[in-house]
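First the structure, in the form of structure tokens, and then the observations on it.
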Amino acid sequence: QDIQKNKEIKISSVSEKNELKEEMIKSKFEMKELDSNLKSEKERYSLYTNKVTDTNNHIFSLLTMNSTGRLFLDKEYIWNKINSKLEHLTAETFELNVQLKYLDMDKDFLIENGFTVHPELKEMKEQLFRKGIDSILGVEYLLNSTISKTEKEKMIEANPLLIFSLIFEKGEFNKIKRALEKNKEKLTIPIVLIAKESLDGREPKESIFAIENNSYVYHQFENRLTKQDWDDYQKEISTKIIDLTSKKETIEIDVQRYSQLKDELDNFFTTYNEKSETTFLQNIDMFETEISLLEEKDATTMLKILDIEKIIIQLEDEQKLLDGKLFENTLLLQRLTQFTEKYKTIDSIKLAKTAIDSQIGELNKKHQ
């Protein structure tokens, strides 16, 4: 009975031990998955914090504002500041393009018929006409001339001021000056006023439009425009084009930088929100807690397994003792059986001997 009970307890203990080992195996897979999730969440959180730092630094470098800890709170303000800056840069670029366009027109004079009329001259002529003052453009005067096109081109080359001139009747000179005075500072080109009387009947020479007492220049020049003035003006135009182009390139770089920041913020605010950091930290804490609980559970399970293994060893030792006693009892029983059998044989002999003795006695009686 003890042996059977011992066996039943051992079987139950081994079964429980195997079940606990299965739990340990499952726990290892759970632990591996939790470790992976924790690692991924920490990587996402690290990526988030790096982006926050980079974005704050980028904002500070371009907008000179400290958004640390206030990135989501100042979101609208940051957007407005970037958009305002981009609008300003776009307007500045447009203005530079206009200036460059006019400077390029000043630099390149040729059109289909070999000459060009600057739009500022056209506008000036139209203003004078609206005020009742008739004038003719220097280019128009030249094109209406009967000389050949080749000769006209030579004249333009020798007299570049012709394309910037307005020709008028001598009596209108002071009236024209007063009419144009308000526009003087707005001009990007020199406008030469030439009295028609000074040209009539004059033969084309090396400088058919020599600036004399009948002429007046509107622009940043003196009242007289020499060849050196003209050469300097051409250099000034080239220098301005270079400067404005350089400024435009700088602005385009700024536009690119602000646009990149805008794209960066758009991507950041699309990916994250004001709760992202809290969510990351909560998830990390959750995974770490689950791992800690699972480790504690595994430790408890392992202790149970060790306790069961001790019980199994104890049961096996008891089983050996019981088996030894059983063996001894079996030998003793065999001996008793042999002894009993042996005495059974002696008793039979005794009974047989008694019977024989009785028969001999009877026989002796008969013979007597």
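Labeling convention for the structure tokens: chains A, B, ... as they appear, residues from 1 per chain, ligands from 1 in order of appearance.
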**OP:** For range 281-285 of chain A, work out the shell of residues within 9 Å, counting only C-alpha atoms and skipping chain neighbours fewer than 3 positions away, then give it as a ChimeraX atom specification.
**Re:** /A:37-39,41-42,45,276-278,288-290
Subject >> Residue neighbourhood Ile78 in chain A, 10 Å, only C-alpha atoms, exclusion window fewer than 3 positions, as a ChimeraX atom specification >> reply: /A:59,63,65,67,71-75,81-84,262,265
Original post:
Mind pulling up the distance from CA of Leu103 in chain A to CA of Ser135 in chain A?
Top reply: 24.6 Å
**OP:** Determine, counting only C-alpha atoms, which protein, DNA and RNA residues have an atom within 12 Å of an atom of Glu296 in chain A; residues of the same chain fewer than 6 positions away are not included. Present the result as a VMD selection string.
**Re:** chain A and resid 24 27 31 289 to 290 302 to 303
Residues from last step as file, C-alpha atoms, as a PDB file, in the first residue's frame:
ATOM      1  CA  MET A  24       8.665  28.142 -18.524  1.00  0.00           C
ATOM      2  CA  SER A  27       7.261  32.279 -20.672  1.00  0.00           C
ATOM      3  CA  MET A  31       9.758  37.283 -22.630  1.00  0.00           C
ATOM      4  CA  THR A 289       6.579  46.031 -15.737  1.00  0.00           C
ATOM      5  CA  GLU A 290       5.338  43.013 -17.696  1.00  0.00           C
ATOM      6  CA  MET A 302      11.680  27.564 -11.026  1.00  0.00           C
ATOM      7  CA  LEU A 303      11.531  27.325  -7.224  1.00  0.00           C
TER       8      LEU A 303
END
